[in-house]
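Student: Shown below is the structure under consideration.
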Amino acid sequence: MAQAAIELKGINKSFGAVRANRDIDIEIPQGTIHGIIGENGAGKSTLMSILYGFYQADSGEIFVKGQKASIHTPNDAIAAGIGMVHQHFMLVENFTVLENIILGAEGASLLNKGIAKARSELQRLEKEYGLEVDPDAVIEELPVGLQQRVEILKALYRGAEILILDEPTGVLTPAEADHLFRILRMLKDQGKTIVLITHKLREIMAVTDNVSVMRQGTIVATRKTASTTVEELAELMVGRRVLLQVEKGKAKPGDFKLSVKNLTVKDGRGVTMVDDVSFDVRAGEIVGIAGVAGNGQSELIEAIAGTRRAESGSVTMKGKPIDVTGTADPAELRKRGLAHVPEDRHHVGLVLPFEENENAILGYHDDPKFLNGAFLNIDAIRSDAREKIEKYDIRPADCRLRTANFSGGNQQKIVLAREMENDPGVLIVGQPTRGVDVGAIEFIHKQLIAMRDRGKAVLLVSVELDEIRSLSDRILVMFDGRVVGERGPDATEGELGLLMAGVEAQEAAE
Amino acid sequence: MDTLVQLLDATIRLSVPLLLACLAGLYSERSGIFDIGLEGKMLAGAFASAAAAAATGSAWIGLGAAIIISGMLALVHGFASITNRGNQIVSGVAVNFIAAGTTIILGQGWFQQGGRTPSLPPAARFGAIDLPGAEAMRDVPVLGPIYSDIISGHSLLVYFAFFMVPFTWWVLFRSRFGLRLRAVGENPAAVDTAGISVTWLRYRAVMITGVLTGFAGTYLALAMNAGFVKDMTAGRGFIALAALIFAKWKPVNAMFACLLFGFLDAFAIRYQGAEFPMIGRVPVQLMQALPYILTVILLAGFIGRAIPPKAGGVAYVKER
Amino acid sequence: MATPYAKLPAWADYGLIPLINLVVAFLVAGLVVLLVGESPIQAATLLIKGAFGSGAGIGYTLYYATSFIFTGLAVAVAFHCGLFNIGGEGQAYVGGLGVALVCLGFDTVFPWWINFPLAIIGSAAIGAFWAMIPAYLQAKRGSHIVITTIMFNFIAASLMVYLLVGPLKPLNSMAPQTRTFAVDAHLPKLDWLLEMFGATIRSTPLNLSFILALVMAVAVWALIWRTKLGYEIRTMGFSPKAARYAGIGEARIIVITMMISGALAGMMALNPVMGDQHRLQLDFVTGAGFVGIAVALMGRSHPAGIVPAAILFGMLYQGGAEISFMMPNISRDMIVIIQGLVILFAGALENMFRPAMQAAFASFSPRSMGMGTAKREGA
């Protein structure tokens with residue numbers, strides 16, 4: 001038991017200027033379940049992709065069972081006994097279970113023997129671990145829980161002794177997740193080593209032996225799960241960051257501007273992303289939605305803004321309904337005073353090859369003040385763009401420059417200027433400062449406060465907890481598609497961290 | 001009875017180039033590389049086979065030359081769409097034009113017969129083969145004509161084409177290569193994480209496409225005709241593409257689709273301007289356009305859905 | 001279609017890269033000339049001389065260029081919306097039907113200056129209709145527009161053969177073509193235009209539709225960069241997600257864009273049918289629809305690039321005829337090779353030269369490439 005199944009020493013990995021992993025040292029004892037927890041972008045997935053040979057580390061060493069291993073491709077990892085269950089399953093959807101299992105491990109150039117071997121091996125694995133699945137079922141007809149089981153079987157079939165699971169419960173129902181944990185414990189009892197990557201504290205507490213906390217590319221702590229608490233982990237995870245000081249007075253909430261009732265939204269695969277969510281945003285307040293990315297926030301604001309169809313529920317703005325399940329049209333909503341700063345400014349909020357002034361009218365290109373009949377009023381568009389550049393201090397101050405050539409912060413200012421200057425009643429803002437430099441962050445925050453003080457209703461979605469805390473008058477926490485709690489602006493990080501990790505929600509549910 | 005036999009015999013002869021091209025496209029498209037350059041590769045193959053056969057007097061050397069030339073064009077397509085992640089449609093279009101122009105210029109430059117190659121003697125062609133017992137069977141009612149006149153008496157390439165149907169099925173569904181080929185056209189990331197090279201797999205698929213279009217071209221120039229005539233593919237590469245879609249990228253279906261389109265062609269040739277009871281005169285052009293019209297209707301989802309390989313047309317970029 | 005935003009200065013993007021593509025294409029084409037045992041240098045000399053050496057040469061060059069401007073613009077408009085309209089050939093072919101119907105119906109009724117606008121409308125309307133069906137099927141039923149437009153090329157060919165050997169053929173004629181139009185359905189020649197520049201010429205087919213082509217080039221520029229519709233088309237072409245965010249209806253834009261594209265392709269028929277042959281013949285398009293793809297790619301979908309690219313291909317066409325006169329081994333089909341190579345290098349292999357160019361530029365002027373700002377964002 002003393003020997004480490006995996007040991008990583010001094011792993012560094014950068015993508016461009018971003019240091020995704022910094023001097024990572026980690027030791028994972030054989031026959032244990034080791035959790036790696038951290039916020040989005042903490043570097044967990046990058047680290048595991050290095051271990052699986054999908055990326056190359058810039059520096060550092062990997063030891064597998066005491067032996068130095070050079071892992072350059074997934075093949076090397078497989079040969080070293082490492083298997084991975086990806087967050088997005090690496091399955092061929094129109095293949096059968098058996099075909100997926102043997103892909104890459106067929107054994108010979110003809111399939112018949114490989115298939116026969118896999119079939120009997122599956123029976124053995126089924127007996128040994130209770131991993132039951134119909135070998136001839138087609139993947140796309142299986143529920144996600146079973147698809148994941150196929151991913152696990154794929155790794156076991158290749159003789160994996162070390163199994164990495166990347167956010168395995170993201171797509172599972174709570175019951176499926178519990179079943180998964182039973183399987184993991186059983187695998188551990190058989191001597192397998194398991195690495196569980198997650199942002200959910202409950203899972204860490206429920207199933208792991210040890211836990212490492214990652215933050216901003218480094219491992220900040222490793223603990224024995226039995227001797228730590230959720231509070232400690234939550235704090236380690238979010239860190240004690242200096243709260244960005246934003247000067248703001250007390251909110252003076254007015255009438256309801258935006259009311260969301262029982263909103264349910266599904267994604268393309270039919271998975272419920274927003275589950276029966278209700279809340280109000282009043283004039284003159286900022287309502288922040290906190291949560292780890294992927295818990296339904298994106299789908300929520302897209303549905304309200306009319307760029308995604310909702311399954312059921314209703315939304316009213318200034319007393320009038322928005323047909324979120326039917327014909328809601330972003331252009332129409334904009335005319336009614338709903339402004340939307342989308343989360344993905346590169347692909348949604350901006351057209352990067354456009355000149356700055358062209359992006360400054362995106363969505364408002366129907367406005368008569370920018371048109372001469374069917375033609376664009378170029379003079380009006382450019383002078384309007386120059387005004388906004390001036391007012392929002394967008395640099396370089398050149399409205400003819402391609403938008404792709406602006407920095408992230410200035411690109412975001414282009415979007416904000418466009419959405420705010422149209423004097424909307426309701427402003428929906430997604431990740432306002434993602435990829436934005438510090439100077440611009442302060443500016444953007446001030447603008448959002450100013451919007452509030454002018455009596456606008458602001459709905460803010462951010463995965464940056466300190467941003468939510470410093471700007472919001474009320475904080476809603478989303479977990480697994482539901483609003484699991486509402487707190488005031490004085491809520492502590494630990495408290496919010498627990499909610500974001502689904503701790504209270506699960507407790508309440510049980 | 002006689003006309004029916006002749007009609008079916010013509011159907012087989014006319015569907016063979018479609019079938020070879022269609023199976024060629026099947027390998028490429030199953031791997032996720034769309035190929036609208038079948039026409040060009042087939043044409044270049046036809047020219048290469050005719051030119052080489054004219055020069056050497058050997059049909060087999062002709063076939064070899066066709067495979068090399070079609071294969072090279074296939075590699076150009078692979079280089080553009082796999083290595084350079086270029087637009088697969090644009091690349092296919094380019095291949096078609098390069099082949100169309102080059103075959104005419106070289107044909108004229110080398111043989112001075114207005115873009116034709118010299119008429120080939122039987123030795124330089126793939127001639128008809130009489131299957132054993134064809135003569136003896138001839139007088140047996142029903143089965144006789146079917147065996148002796150429809151099945152027997154074709155060139156080797158015809159039998160090769162029909163042999164390729166079960167063979168392709170077998171490769172696709174019974175071999176490791178086929179499993180990986182189908183997987184890479186659906187989800188290249190799954191193939192990559194399984195430790196298999198996406199690039200090499202796709203290159204192999206594209207090369208098979210080149211080889212088979214070489215066969216298709218050879219059939220046109222050395223079996224169906226006695227030499228190369230400019231633009232002799234006459235859109236067959238596109239009909240093969242239509243057949244491939246019609247067949248939903250499945251080999252046995254592909255054979256039936258090609259036989260159907262070949263039959264339409266044979267029928268149109270045979271019954272030009274003939275009157276039919278009930279329908280009256282069907283314009284021959286309508287018959288010729290039918291494969292295209294049927295494909296459009298199929299693509300629009302009015303007769304079942306043709307779902308192409310999911311990763312088709314998209315270059316694989318490892319996710320960051 | 002193309003790389004959405006290159007970080008090269010405009011002159012390199014619109015001048016140097018197309019030039020490199022062209023040079024490489026010509027080098028490969030030169031190899032083919034060598035293969036048939038002729039001198040590439042001599043061929044190039046003949047080409048230039050044939051295209052520009054005489055007034056008539058220039059007239060023919062511009063006559064061919066006229067067709068290519070129309071089809072190049074047609075492909076470019078669709079490119080701007082992210083659509084590949086490979087059906088220009090068929091749309092131009094049925095566009096000829098629009099021209100012919102107007103000319104046959106009114107050639108003895110109206111003077112040419114009334115018949116001309118009517119024929120424009122006729123050709124554009126039928127071309128637009130022929131593009132609308134694939135567009136509708138793509139927008140509403142998800143059929144791949146590349147495949148459907150190819151199919152529609154063949155369907156158009158069959159349809160036109162049917163019409164020209166049947167209903168449209170005069171009873172006493174054997175040739176698959178319509179009767180010759182009366183003079184009031186002939187477009188005026190532009191010989192005077194060339195004479196103004198001091199060229200003396202016999203007669204060339206260059207006609208008024210050349211002017212129309214130039215007008216359309218300006219109109220397409222205005223449409224794409226100066227109208228609300230053009231703005232919406234470009235938004236859709238660069239980013240369908242941004243278009244949805246901006247409230248731009250996807251289906252509507254796809255159908256409208258393809259109809260404009262088809263209309264432009266259809267108008268190409270005016271040039272040969274009403275301007276030169278004065279009757280509708282089989283296969284009068286002779287590949288001009290496909291040349292449009294090369295023209296649009298080379299001109300980087302901008303009218304200011306398309307017109308010179310079209311003239312270049314017109315020159316190849318005319319000069320090619322001249323070469324084949326002097327070098328019987330080389331026919332006009334040489335242009336098809338060059339066209340294919342241009343499509344290959346400027347289109348499918350556009351990613352091949354660009355990184356090298358970008359690296360070369362970055363090494364001595366990082367500022368001009370927006371590198372300084374791109375870095376800060378950090379992948």
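Note on naming: chains are A, B, ... as they come in the structure tokens, residues start from 1 per chain, ligands start from 1 in the order shown.
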Please identify the alpha helix (DSSP H) residues within region 4-239 of chain B (assignment by DSSP from backbone atoms) and present them as number ranges by chain.

Tutor: B: 4-30, 38-56, 59-78, 88-111, 134-137, 143-145, 156-174, 176-186, 188-193, 198-218, 236-239

Student: Name the residues of region 53-163 of chain B that fall into strand (DSSP E) according to DSSP on the backbone, using the chain letters and numbers of this document, as a list in words.

Tutor: Ala128, Ile129, His154 and Ser155 of chain B

Student: Using only C-alpha atoms, find the residues of chain C whose closest atom to chain B is at most 7 Å away, then write them as a list in words.

Tutor: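 Listed by rising number, the hits are Val36, Leu137, Arg141, Gly142, Ser143, Thr148, Met151, Phe154, Ile155, Ser158, Leu159, Tyr162, Asn329, Ile330, Ser331, Asp333, Met334, Val336, Ile337, Gln339, Gly340, Leu341, Ile343, Leu344, Gly347, Ala348, Leu349, Asn351 and Met352 of chain C.
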
Student: To one decimal place, how far is CA of Ile147 (chain C) from CA of Arg354 (chain C) in Å?

Tutor: 28.9 Å

Student: Give as an MDAnalysis selection string every residue of chain A that touches chain B within 6 Å, counting only C-alpha atoms.

Tutor: chainID A and resid 74:75 90:92 104 109:111

Student: Restrict the distance test to only C-alpha atoms, flag each residue of chain A within 6 Å of chain C, and return the flagged residues as a count of residues only.

Tutor: 16

Student: Might you pull out every residue within 7 Å of Pro17 (chain B), with only C-alpha atoms counted and same-chain residues fewer than 5 positions away left off, and present them as a ChimeraX atom specification?

Tutor: /B:216,219-220

Student: Would you export the selected residues with N, CA and C atoms as a CSV table (one decimal), in the first residue's frame, please?

Tutor:
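To be explicit, this is the file written out as result_16.csv:
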chain,number,residue,atom,x,y,z
B,216,ALA,N,-12.2,2.5,-61.6
B,216,ALA,CA,-13.3,3.0,-62.3
B,216,ALA,C,-13.0,3.6,-63.7
B,219,TYR,N,-11.9,1.0,-66.2
B,219,TYR,CA,-13.1,0.4,-66.7
B,219,TYR,C,-13.6,1.2,-67.9
B,220,LEU,N,-13.8,2.5,-67.7
B,220,LEU,CA,-14.3,3.3,-68.7
B,220,LEU,C,-13.5,3.3,-70.0
